[in-house]
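> Below is the structure I would like to discuss, written out as structure tokens.
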Amino acid sequence: MLEIRSLRKTYGGHGREVEALRDITMTVEAGQFVCIVGPSGCGKTTLLRCLGGLLNPTSGEVRVGGKPVNGPPDGLAIVFQDYGRSLFPWLRVAENIELPLKSKGIGRSERRRIVTESLSAVGLGDVGKAYPWQLSGGMQQRVAIARAIAFQPRVMLMDEPFAAVDAQTRADLEDLVRRVWKQFGMTMLFVTHDIDESVYLGERVTVLSASPTKVLENLDIDLPADRDQLKTRSDPRFVELRSHVYAQIQEAKKATGRKP
Amino acid sequence: MLEIRSLRKTYGGHGREVEALRDITMTVEAGQFVCIVGPSGCGKTTLLRCLGGLLNPTSGEVRVGGKPVNGPPDGLAIVFQDYGRSLFPWLRVAENIELPLKSKGIGRSERRRIVTESLSAVGLGDVGKAYPWQLSGGMQQRVAIARAIAFQPRVMLMDEPFAAVDAQTRADLEDLVRRVWKQFGMTMLFVTHDIDESVYLGERVTVLSASPTKVLENLDIDLPADRDQLKTRSDPRFVELRSHVYAQIQEAKKATGRKP
Amino acid sequence: MIRFLGRVGVALALPAVLLVTWWFASAGSTSFYQPPLERIIEVFPDTWTAERLQSDVLPSVLRLLTGYGIAVFTGILLGVLIGANPRLRALLEPTLEFLRAIPPPVLVPILVLIAGLGNPTKVLVIVVGGVWPVLLNTVEGVRGVDEVLADTCRSYRIGGWLRMRTFVLRAASPQIIVGARQALSISIIMMVIGELLGATNGLGYTVVEFQRGFQIPEMWSGVFVLGLLGVLLSLAFTLVERRVLNWYHGARAAERSGH
Amino acid sequence: AGCGGSEESPGNTGGSGSTTDKVKVGVIPIVDVAPIYLGKEQGFFAKRNIELTMEQAQGGAAIVPAVVSGQYQFGFSNVVSLMLAQSKNVPIKAVANGNNATGDPKKDFGMLVVKDPAIKTAKDLEGKTVATNTLKNIVDTSVKQIVRQAGGDPAKVKFVEVPFPDMAAALDANRVQAMFVVEPFLASALAKGWTTIGAFADVDPGLCISAYFTSTQLIQTKGDLVTRFTEAMKESLAYADANPDRVRQAVTTYTTIKTDAAAKMTLPKFSADVNTASVEKLNGLIVTEGLLTAPADLSKLLP
Amino acid sequence: MTVASTPLRRAGYAPALLGLVGLLLFGLLLEVLPRLGVLPAEYFPPTSEIARALVAEFDRPGFWQALTGTVSTWLIGLTIAVVAGIVLGVVIGSVPVLRAVTASTIEFLRPIPSVALLPLAIVLFSVPMRSILLLVIYASFWPVLIQVLHGVADVDPVARETAASYRLGRWMKARYLVWPTTLPYAMTGIRLSASVALVLTVTGELLIGGTKGIGVEINVAQSSIAVPSMYALIVVSGLIGLAANLLTRRAERIVLAWHPSVRRELPL
Ligand SMILES: Nc1ncnc2c1ncn2[C@@H]1O[C@H](COP(=O)(O)OP(=O)(O)OP(=O)(O)O)[C@@H](O)[C@H]1O
Ligand SMILES: Nc1ncnc2c1ncn2[C@@H]1O[C@H](COP(=O)(O)OP(=O)(O)OP(=O)(O)O)[C@@H](O)[C@H]1O
Ligand SMILES: Cc1ncc(C[n+]2csc(CCO)c2C)c(N)n1
Ligand SMILES: [Mg+2]
Ligand SMILES: [Mg+2]
């Protein structure tokens, strides 16, 4: 579904030249759930923006559903890391979620239903009438998630979507995302800093190196498909995998994509 | 150092009335390190803004260093949850950190030294000349932390300061914050969603209930003062404490400050 | 009610001080062009009779509102197009900047060639003057929209008119509103300038007429009417702005309610 | 308030003396003011110790206050404006004649022009729109009188303000059906084959159109200078009246009118003295037209 | 991939070229319309004729004096208005009480047209140039003031709280928080004022005279039926405005390099 070949991205201008991505090659099958971890500033957001058709790679190729990306592909949604800025401050929460549905051409009553449903799915059943800036950070982030879920994309890119919520809510949202992913057969690319989370959620964890960035490891998560916050996390295999990823991350911070 | 008595805060307007804080009473001794955990939207940020003199309580009293707060108190710094917006986009990273020092009246060469030091302390030794919007989310957040540390306040309020950084960087920053706190004898109020982090960092963890918000528990963390990422986290007492807090949080999400 | 009265009091305080100062400073003035304020107030009721309000002020205000409306509409429309399209901006900006610097008084005869001596020209003069602040502010507002929001729109495939309506226009609205506010007073000025040519009635015509007839207190009373018109329209404008920018002021005021 | 133009225009302080008075005169760049340019050229002012500078403004709206404030020591304006000013006690006084109608209603320097040959007389203007450079001025007052003398009702004629330079375009496009223009616009209009149906001279053969004026303050503080200016103006007017070719030549120096165009212009008459009778006639007319409720006090206005 | 159309660097030369094309097209339009008789050529000469008259003006020393006069009056007036507008705007905008107290007066004074103030401006000064300057300053002060007032109110609340929390002093706040926020608004204000000031300089010269200026020359050209010359002079006024815009845009690239509208790699 997602094919990334020798992707390279260099930012320039304002007296600063940064090679955000050195050479990324990876594939995500249709319907797969892949988590991406990597040190801060290694280019995860950049990668997602290239995939989402929001950014031109410096070189290399990106394909979504077989078609080369030039412009945001159809049926793809992004939950931005900068959740606060990705909500429209002039629209109430419900309207924010409704807007993409409107452009999708969904009828009014159906829209209403989806909005209500997705809001209560993220535990915000009662804030539909509020403006985003009246909400706490974590609430705003959940609105952004609700909007993405309501959109029911074929491909979902999530950039640290649970960074601002508490542990309990996070667990609930994790299960929600897994559920939704399964239900709609989405292809999911999920950036997180929480290693446990990456192992808990993904079918595969991709570890990126520090800048200049390469893929350090592709780790298949061979945990049972049915995950449970208590059972899965205490599964010895889970502990093993997360330790492995943790070690990789520590590596990653030192290691860069530089060839030896 | 920080005294909060029967603090209540209600937001109103735009067709929405929210009691963010119902009745908060708590004290933080000078030089203490207190972590605050609580469900998303329970009013942690609101509490910090009241303490920082940025928001008028609806009722109750807030004192910093014995003096009632009306306006930002001297020698107090906040790391905002909304780190992206709290950096001035028209100033380069180094200038952002330098600005509070300038207004503090610190000489130029001293300023330069502090800026360089605090930037490398957060692992960003080479981005002083970049603009904040040229940085990744985690890098921006670290700049905000560097700014606060460089300011060397007597009281530091941090609102989920590590939400956007990877696990390894997070561990490094945790140790940095503990070190700085000790070194300058700061009073620290630290909001986090990471329960392990709250136990690892704090001398006390305060758990807030869901809205309408009250203090659910004040838990003293009787771990040795010298903390170590590996040793402390594998200390049985640590595991015990974090399980306790975890249970409390799960409680908190259901429990509200409502009297039975 | 008390808050309302307080606001009115605050609004009237400075004008009152200025008027009193003027009253005493000008009392006994013998300078022909600076008559005592007393004289100006004296002639006011006789000058601005109901009849004159109907025959001169009303037509002017109608032209003003029409011209202003067209100016704001055109300014926003052009501004959105130009602001959202760098190539179009590069193509048109020099020409527009050229036109902007041409004095309306010399532009008026050209407009007469095209639109005659009647109301259309007078309305057009208002449009020609009032469109610029709206245009410039809209262009800058559209150019400066938040990148993350723009990306959000692209990613969710929000395009076309929906995007215009719910994103571009709203995001630029704080700046568009500034432009519209600027245009309001400029439109009043252009209303006067428009009435200098081919005019037979109107508020601006009357003021200039008094000036030519050396009826200086009457002329000043006309200046008062222009100012009052400005205040009134600005008040109405504020009401509209409150509605349109509800979210904007909310997002800013809520956080400041502290101190 | 600046008064008397003291600090910026150092003139001499005594009465008649050896030092030269620097004098600024506010004029309009039209043929009417040719005599003062000629007078300067001929040295009529210099020999009276007046160093003359002409400042060109668009109209009386600015010249009258500029003279009152002392920016200019003298100014040029049409007499109706001056009468209106006098009646409102503007502290000014006419000091010299400006120019007059030619005495020939068929050939004047300011005439009522129509394009439509069907309009034969001024009476035909009833129901039509006439362009005048300023409302409530010598031009529309004259046009109304012309209509009245042709047996028409001036109240049935609609007047609109159009500056002289823009009138031809308006008439050409039939935005107005008649216009009252002065030279050089008149010659240009006649060259198009348009016809005239009235002139200043219809109102009064020697109609006084304009005058030079000063502030009463200058008369009080420097009566001597004013006297010298008046004498110089009289000499200039007489010279201009006697030397029409020199007038045509002078016009090309302070405007950009070409020599051949200047040759085709009808020149006004330049009387050395104000035609008081015609001013009195105008005084009556402006009361009739409702410009003033009572006639102006000409004894205070005229030299 | 063509998601992001031209990056700014590549667009560097193109805008100037496109702008020139725009001007040429506009000129061509005004050449053709009179020639086709859509506009009466006698009163509205085609571009080529205006251009010829403009070149002829260049040969006249009087023209250059007039140009210098107009430009200097304009620049002096604009500078005073801009400085006053910015200073007062920041001060009034930063102090809520001042803002509330002055609001009605500002709205009262703003719509008073310069033509109405003409006699007052004339009698207040003994030199015509100063009267013109007064009108210029009066008219061009308001756009800057209003823009700055709104700019000051646009400060991001989180940024404001950051500044408050770090106890930035009044001056530091004004310099490092309020001013950068206001700058984009002020820039638009300056661009608006530049043309208002120019327009009033020319109009003032036209009405009052007494100085060397393009307005005086326009007056003479008008009363001499020198139609192409008159338009040539008007074109000069437009060109001055064009130059002013070029300069402000250049300045904007530098002082607003950080602003989304300038820094954006992706055009909207
Ligand atoms: N707009 C930009 N202009 C210039 N450089 C940029 C820009 N955006 C990102 N970068 C640089 O590219 C690199 C990668 O940034 P990116 O945001 O992709 O990192 P990330 O992996 O998402 O980090 P984080 O986990 O901290 O969010 C960083 O060094 C950053 O400074
Ligand atoms: N400016 C505001 N206007 C209105 N309501 C607000 C405002 N700020 C916060 N609130 C409301 O107050 C409550 C507490 O918000 P606050 O930001 O303090 O929560 P928080 O504990 O920091 O949450 P999080 O962990 O998600 O950041 C929420 O219900 C929120 O909607
Ligand atoms: C006080 C005052 N302000 C503005 C104008 C008119 N004006 C000058 S430039 C411009 C916009 C560009 O054409 C406008 C409307 C005036 N005459 N007097
Ligand atoms: Mg990122
Ligand atoms: Mg918060």
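To be explicit about the labels: the chains of the structure tokens are called A, B, and onward in the order shown, and within each one the residues are counted from 1, while ligands get numbers from 1 in the order they are shown.
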Counting only C-alpha atoms and all ligand atoms, what residues are within 7 Å of ligand 3, given as a ChimeraX atom specification?

/C:100-104,128-130,132,186-187,189-190 /E:110-115,138-140,195-197,199-200

> Save the residues we just selected, C-alpha atoms, as a JSON list (two decimals), in the first residue's frame?


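Dumped to out_33.json:
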[["chain", "number", "residue", "atom", "x", "y", "z"],
["C", 100, "ARG", "CA", -3.31, 52.70, -6.13],
["C", 101, "ALA", "CA", -0.96, 55.65, -6.29],
["C", 102, "ILE", "CA", -3.08, 57.59, -8.75],
["C", 103, "PRO", "CA", -4.90, 60.45, -7.06],
["C", 104, "PRO", "CA", -8.66, 59.84, -7.04],
["C", 128, "VAL", "CA", -11.94, 52.95, -6.20],
["C", 129, "GLY", "CA", -10.84, 54.44, -2.90],
["C", 130, "GLY", "CA", -12.17, 51.86, -0.50],
["C", 132, "TRP", "CA", -7.36, 49.04, -1.48],
["C", 186, "ILE", "CA", -11.88, 56.09, 3.41],
["C", 187, "SER", "CA", -15.26, 55.49, 1.81],
["C", 189, "ILE", "CA", -13.80, 60.57, 2.35],
["C", 190, "MET", "CA", -14.29, 59.26, -1.15],
["E", 110, "ARG", "CA", -10.65, 59.44, 10.59],
["E", 111, "PRO", "CA", -13.36, 60.13, 8.04],
["E", 112, "ILE", "CA", -12.79, 63.88, 7.91],
["E", 113, "PRO", "CA", -11.64, 64.48, 4.36],
["E", 114, "SER", "CA", -8.66, 66.61, 3.56],
["E", 115, "VAL", "CA", -10.70, 68.87, 1.31],
["E", 138, "TYR", "CA", -3.31, 63.86, 8.68],
["E", 139, "ALA", "CA", -4.52, 61.54, 5.96],
["E", 140, "SER", "CA", -1.72, 59.00, 6.00],
["E", 195, "SER", "CA", -0.14, 55.82, -1.50],
["E", 196, "VAL", "CA", -2.46, 57.98, 0.57],
["E", 197, "ALA", "CA", 0.45, 60.32, 1.29],
["E", 199, "VAL", "CA", -2.13, 61.08, -3.44],
["E", 200, "LEU", "CA", -2.48, 63.91, -0.98]]

> Residues near Pro180 (chain E), anyone? I mean within 12 Å using only C-alpha atoms, not counting same-chain ones fewer than 6 positions away, as number ranges by chain.

B: 88-91; E: 90, 148, 151-152, 154-156, 159, 172-174, 186-187, 255-259

> Could you write out that same residue set with N, CA, C and O atoms as a PDB file, in the first residue's frame?


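New file again-v4.pdb:
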ATOM      1  N   PHE B  88       9.013  32.235  20.363  1.00  0.00           N
ATOM      2  CA  PHE B  88       8.753  33.359  19.463  1.00  0.00           C
ATOM      3  C   PHE B  88       9.303  33.025  18.082  1.00  0.00           C
ATOM      4  O   PHE B  88      10.507  32.837  17.928  1.00  0.00           O
ATOM      5  N   PRO B  89       8.436  32.939  17.080  1.00  0.00           N
ATOM      6  CA  PRO B  89       8.903  32.512  15.755  1.00  0.00           C
ATOM      7  C   PRO B  89       9.831  33.516  15.096  1.00  0.00           C
ATOM      8  O   PRO B  89      10.516  33.181  14.138  1.00  0.00           O
ATOM      9  N   TRP B  90       9.866  34.742  15.591  1.00  0.00           N
ATOM     10  CA  TRP B  90      10.709  35.758  14.947  1.00  0.00           C
ATOM     11  C   TRP B  90      12.117  35.768  15.547  1.00  0.00           C
ATOM     12  O   TRP B  90      12.974  36.501  15.085  1.00  0.00           O
ATOM     13  N   LEU B  91      12.315  34.977  16.598  1.00  0.00           N
ATOM     14  CA  LEU B  91      13.646  34.912  17.191  1.00  0.00           C
ATOM     15  C   LEU B  91      14.242  33.541  16.906  1.00  0.00           C
ATOM     16  O   LEU B  91      13.548  32.527  16.940  1.00  0.00           O
TER      17      LEU B  91
ATOM     18  N   VAL E  90       1.206  51.540  19.014  1.00  0.00           N
ATOM     19  CA  VAL E  90       1.715  50.579  19.998  1.00  0.00           C
ATOM     20  C   VAL E  90       1.322  51.021  21.410  1.00  0.00           C
ATOM     21  O   VAL E  90       0.871  50.214  22.223  1.00  0.00           O
ATOM     22  N   VAL E 148      -1.764  49.184  13.088  1.00  0.00           N
ATOM     23  CA  VAL E 148      -0.952  48.865  14.258  1.00  0.00           C
ATOM     24  C   VAL E 148      -1.845  48.507  15.447  1.00  0.00           C
ATOM     25  O   VAL E 148      -1.561  47.555  16.177  1.00  0.00           O
ATOM     26  N   GLY E 151      -2.816  45.079  14.939  1.00  0.00           N
ATOM     27  CA  GLY E 151      -1.654  44.208  15.066  1.00  0.00           C
ATOM     28  C   GLY E 151      -1.310  43.949  16.523  1.00  0.00           C
ATOM     29  O   GLY E 151      -1.058  42.816  16.927  1.00  0.00           O
ATOM     30  N   VAL E 152      -1.348  44.999  17.319  1.00  0.00           N
ATOM     31  CA  VAL E 152      -1.025  44.864  18.739  1.00  0.00           C
ATOM     32  C   VAL E 152      -2.002  43.895  19.414  1.00  0.00           C
ATOM     33  O   VAL E 152      -1.626  43.129  20.302  1.00  0.00           O
ATOM     34  N   ASP E 154      -3.213  41.346  18.172  1.00  0.00           N
ATOM     35  CA  ASP E 154      -3.126  40.012  17.590  1.00  0.00           C
ATOM     36  C   ASP E 154      -2.086  39.126  18.276  1.00  0.00           C
ATOM     37  O   ASP E 154      -1.849  38.001  17.862  1.00  0.00           O
ATOM     38  N   VAL E 155      -1.473  39.645  19.315  1.00  0.00           N
ATOM     39  CA  VAL E 155      -0.412  38.869  19.980  1.00  0.00           C
ATOM     40  C   VAL E 155      -0.955  37.514  20.426  1.00  0.00           C
ATOM     41  O   VAL E 155      -2.036  37.421  21.009  1.00  0.00           O
ATOM     42  N   ASP E 156      -0.181  36.469  20.130  1.00  0.00           N
ATOM     43  CA  ASP E 156      -0.610  35.123  20.491  1.00  0.00           C
ATOM     44  C   ASP E 156      -0.668  35.000  22.012  1.00  0.00           C
ATOM     45  O   ASP E 156       0.261  35.372  22.712  1.00  0.00           O
ATOM     46  N   ALA E 159       2.196  33.122  23.637  1.00  0.00           N
ATOM     47  CA  ALA E 159       3.411  33.939  23.601  1.00  0.00           C
ATOM     48  C   ALA E 159       3.327  35.052  24.647  1.00  0.00           C
ATOM     49  O   ALA E 159       4.298  35.350  25.342  1.00  0.00           O
ATOM     50  N   MET E 172      10.937  45.347  26.879  1.00  0.00           N
ATOM     51  CA  MET E 172      11.262  44.067  26.254  1.00  0.00           C
ATOM     52  C   MET E 172      10.025  43.469  25.601  1.00  0.00           C
ATOM     53  O   MET E 172      10.081  42.901  24.511  1.00  0.00           O
ATOM     54  N   LYS E 173       8.911  43.585  26.291  1.00  0.00           N
ATOM     55  CA  LYS E 173       7.666  43.046  25.746  1.00  0.00           C
ATOM     56  C   LYS E 173       7.294  43.775  24.458  1.00  0.00           C
ATOM     57  O   LYS E 173       6.925  43.159  23.460  1.00  0.00           O
ATOM     58  N   ALA E 174       7.403  45.089  24.498  1.00  0.00           N
ATOM     59  CA  ALA E 174       7.059  45.878  23.316  1.00  0.00           C
ATOM     60  C   ALA E 174       7.990  45.527  22.158  1.00  0.00           C
ATOM     61  O   ALA E 174       7.554  45.326  21.027  1.00  0.00           O
ATOM     62  N   ALA E 186       1.732  46.435  10.373  1.00  0.00           N
ATOM     63  CA  ALA E 186       2.311  47.759  10.143  1.00  0.00           C
ATOM     64  C   ALA E 186       2.794  47.887   8.699  1.00  0.00           C
ATOM     65  O   ALA E 186       2.639  48.934   8.078  1.00  0.00           O
ATOM     66  N   MET E 187       3.345  46.795   8.172  1.00  0.00           N
ATOM     67  CA  MET E 187       3.827  46.816   6.792  1.00  0.00           C
ATOM     68  C   MET E 187       2.684  47.141   5.837  1.00  0.00           C
ATOM     69  O   MET E 187       2.828  47.966   4.929  1.00  0.00           O
ATOM     70  N   VAL E 255      12.662  41.801   6.963  1.00  0.00           N
ATOM     71  CA  VAL E 255      12.200  41.891   8.359  1.00  0.00           C
ATOM     72  C   VAL E 255      11.123  40.861   8.677  1.00  0.00           C
ATOM     73  O   VAL E 255      10.876  40.583   9.846  1.00  0.00           O
ATOM     74  N   LEU E 256      10.471  40.315   7.680  1.00  0.00           N
ATOM     75  CA  LEU E 256       9.438  39.310   7.955  1.00  0.00           C
ATOM     76  C   LEU E 256       9.864  37.927   7.478  1.00  0.00           C
ATOM     77  O   LEU E 256       9.020  37.074   7.211  1.00  0.00           O
ATOM     78  N   ALA E 257      11.179  37.716   7.421  1.00  0.00           N
ATOM     79  CA  ALA E 257      11.669  36.427   6.917  1.00  0.00           C
ATOM     80  C   ALA E 257      11.087  35.265   7.720  1.00  0.00           C
ATOM     81  O   ALA E 257      10.909  34.172   7.198  1.00  0.00           O
ATOM     82  N   TRP E 258      10.765  35.518   8.982  1.00  0.00           N
ATOM     83  CA  TRP E 258      10.266  34.465   9.858  1.00  0.00           C
ATOM     84  C   TRP E 258       8.770  34.226   9.680  1.00  0.00           C
ATOM     85  O   TRP E 258       8.225  33.232  10.167  1.00  0.00           O
ATOM     86  N   HIS E 259       8.079  35.132   9.009  1.00  0.00           N
ATOM     87  CA  HIS E 259       6.612  35.077   8.979  1.00  0.00           C
ATOM     88  C   HIS E 259       6.136  34.008   7.995  1.00  0.00           C
ATOM     89  O   HIS E 259       6.744  33.816   6.946  1.00  0.00           O
TER      90      HIS E 259
END

> I need the contact residues of chain A against chain C, so if you could list those with any atom within 9 Å, counting only C-alpha atoms, and return them as a PyMOL selection string, that would help.

chain A and resi 52-54+71-80+82-83+85-91+99-104+131+133-134+148+151

> Could you save the residues just selected, with C-alpha atoms, as a JSON list (two decimals), in the first residue's frame?


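Everything below was put into out_19.json:
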[["chain", "number", "residue", "atom", "x", "y", "z"],
["A", 52, "GLY", "CA", 0.80, 12.48, 2.79],
["A", 53, "GLY", "CA", 1.78, 14.40, -0.31],
["A", 54, "LEU", "CA", 2.40, 17.57, 1.67],
["A", 71, "GLY", "CA", -0.44, 15.84, -3.83],
["A", 72, "PRO", "CA", -2.41, 14.35, -0.96],
["A", 73, "PRO", "CA", -3.67, 10.91, -2.02],
["A", 74, "ASP", "CA", -7.33, 10.14, -1.81],
["A", 75, "GLY", "CA", -8.57, 8.37, 1.29],
["A", 76, "LEU", "CA", -5.55, 9.23, 3.37],
["A", 77, "ALA", "CA", -5.78, 11.04, 6.68],
["A", 78, "ILE", "CA", -3.12, 12.50, 8.94],
["A", 79, "VAL", "CA", -3.26, 13.21, 12.65],
["A", 80, "PHE", "CA", -0.71, 15.97, 13.00],
["A", 82, "ASP", "CA", 0.93, 19.79, 16.16],
["A", 83, "TYR", "CA", -2.65, 18.92, 17.09],
["A", 85, "ARG", "CA", -2.73, 24.09, 15.28],
["A", 86, "SER", "CA", -4.49, 21.49, 13.17],
["A", 87, "LEU", "CA", -7.94, 22.31, 14.57],
["A", 88, "PHE", "CA", -9.83, 25.22, 13.06],
["A", 89, "PRO", "CA", -10.24, 27.75, 15.87],
["A", 90, "TRP", "CA", -13.33, 29.28, 14.28],
["A", 91, "LEU", "CA", -15.19, 26.00, 14.11],
["A", 99, "LEU", "CA", -15.80, 19.40, 7.86],
["A", 100, "PRO", "CA", -13.86, 16.59, 6.13],
["A", 101, "LEU", "CA", -17.07, 14.58, 6.00],
["A", 102, "LYS", "CA", -18.78, 17.46, 4.28],
["A", 103, "SER", "CA", -16.10, 17.57, 1.63],
["A", 104, "LYS", "CA", -16.49, 13.85, 1.27],
["A", 131, "TYR", "CA", -14.40, 25.75, 20.51],
["A", 133, "TRP", "CA", -9.31, 26.68, 22.31],
["A", 134, "GLN", "CA", -11.68, 26.06, 25.18],
["A", 148, "ALA", "CA", -9.35, 11.26, 11.59],
["A", 151, "PHE", "CA", -13.04, 10.36, 8.12]]

> Would you mind listing, as number ranges by chain, all residues of chain C that have at least one atom within 7 Å of chain E, where only C-alpha atoms are what counts?

C: 10-11, 13-15, 33, 84, 90-95, 97-103, 133, 136-137, 143-144, 178, 182, 185-186, 188-189, 208, 223, 226-228, 230-231, 234, 252, 255

> Taking the DSSP secondary structure from the backbone, can you list the residues of region 8-210 of chain A that are strand (DSSP E or B), as a PyMOL selection string?

chain A and resi 8-11+18-28+33-37+59-64+67-68+76-79+155-159+187-191+204-208+210

> With only C-alpha atoms and all ligand atoms as the atoms that count, which of A:Arg179, A:His244, A:Arg92, A:Lys9 lies nearest to ligand 1?

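So, comparing all the options, the nearest one is A:Lys9.
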
> Tell me the residues of chain A close to chain E, meaning within 12 Å using only C-alpha atoms, as a list in words.

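Here is what falls inside 12 Å: Tyr11, Gly12, Gly13, His14, Gly15, Arg49, Cys50, Leu51, Gly52, Gly53, Leu54, Leu55, Asn56, Pro57, Thr58, Ser59, Gly60, Glu61, Val62, Arg63, Lys67, Pro68, Val69, Asn70, Gly71, Pro72, Pro73, Gly84 and Trp133 of chain A.
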
> Can you tell me which residues sit at most 9 Å away from ligand 1, counting only C-alpha atoms and all ligand atoms, written as JSON, numbers by chain?

{"A": [9, 10, 11, 12, 13, 14, 16, 17, 18, 19, 20, 21, 37, 38, 39, 40, 41, 42, 43, 44, 45, 46, 47, 48, 49, 81, 159, 160, 191, 192, 193, 208, 210, 211, 213], "B": [127, 130, 131, 132, 133, 134, 135, 136, 137, 138, 139, 140, 141, 142, 164, 165, 166], "E": [263, 264, 265]}

> Within 12 Å of Gln183 (chain A), counting only C-alpha atoms, which residues show up once you throw out same-chain ones fewer than 5 positions away? Write them as a short mmCIF file (atom, residue, chain, number, x, y, z; two decimals) with N, CA and C atoms, in the first residue's frame, please.


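Produced file out_21.cif, reproduced below:
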data_model
loop_
_atom_site.label_atom_id
_atom_site.label_comp_id
_atom_site.auth_asym_id
_atom_site.auth_seq_id
_atom_site.Cartn_x
_atom_site.Cartn_y
_atom_site.Cartn_z
N GLY A 31 -3.52 -2.75 4.77
CA GLY A 31 -4.11 -3.32 5.97
C GLY A 31 -3.12 -3.59 7.09
N ILE A 149 -10.63 9.54 12.67
CA ILE A 149 -11.39 8.30 12.69
C ILE A 149 -12.72 8.46 11.96
N GLN A 152 -12.72 7.96 8.26
CA GLN A 152 -12.61 6.58 7.77
C GLN A 152 -11.73 6.47 6.53
N PRO A 153 -10.47 6.82 6.69
CA PRO A 153 -9.56 6.76 5.54
C PRO A 153 -9.11 5.33 5.30
N ARG A 154 -8.59 5.07 4.12
CA ARG A 154 -8.01 3.76 3.85
C ARG A 154 -6.61 3.70 4.44
N LEU A 176 -8.93 1.74 21.09
CA LEU A 176 -9.83 2.31 20.08
C LEU A 176 -9.18 2.24 18.70
N VAL A 177 -7.93 2.67 18.61
CA VAL A 177 -7.26 2.70 17.31
C VAL A 177 -7.13 1.29 16.73
N ARG A 178 -6.75 0.36 17.55
CA ARG A 178 -6.67 -1.03 17.08
C ARG A 178 -8.03 -1.49 16.54
#

> Using only C-alpha atoms, which protein or nucleic acid residues come within 7 Å of Ala146 (chain A)? Drop anything in the same chain fewer than 2 positions from it, and give the result as a PyMOL selection string.

chain A and resi 97+118-119+122+142-144+148-150

> Keeping only C-alpha atoms, write the selected residues as a short mmCIF file (atom, residue, chain, number, x, y, z; two decimals), in the first residue's frame.


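Output contents, as saved in selection_18.cif:
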data_model
loop_
_atom_site.label_atom_id
_atom_site.label_comp_id
_atom_site.auth_asym_id
_atom_site.auth_seq_id
_atom_site.Cartn_x
_atom_site.Cartn_y
_atom_site.Cartn_z
CA ILE A 97 -14.93 16.82 12.79
CA SER A 118 -16.43 9.43 17.10
CA LEU A 119 -16.53 12.09 19.80
CA VAL A 122 -12.51 9.40 22.33
CA ARG A 142 -8.47 13.65 21.08
CA VAL A 143 -10.60 15.86 18.86
CA ALA A 144 -7.95 15.56 16.16
CA ALA A 148 -9.35 11.26 11.59
CA ILE A 149 -11.39 8.30 12.69
CA ALA A 150 -14.62 9.85 11.52
#

> As number ranges by chain, please: all residues of region 144-283 of chain D that backbone DSSP puts in alpha helix (DSSP H).

D: 144-149, 164-172, 185-191, 200-203, 216-221, 223-242, 244-254, 259-264, 276-283
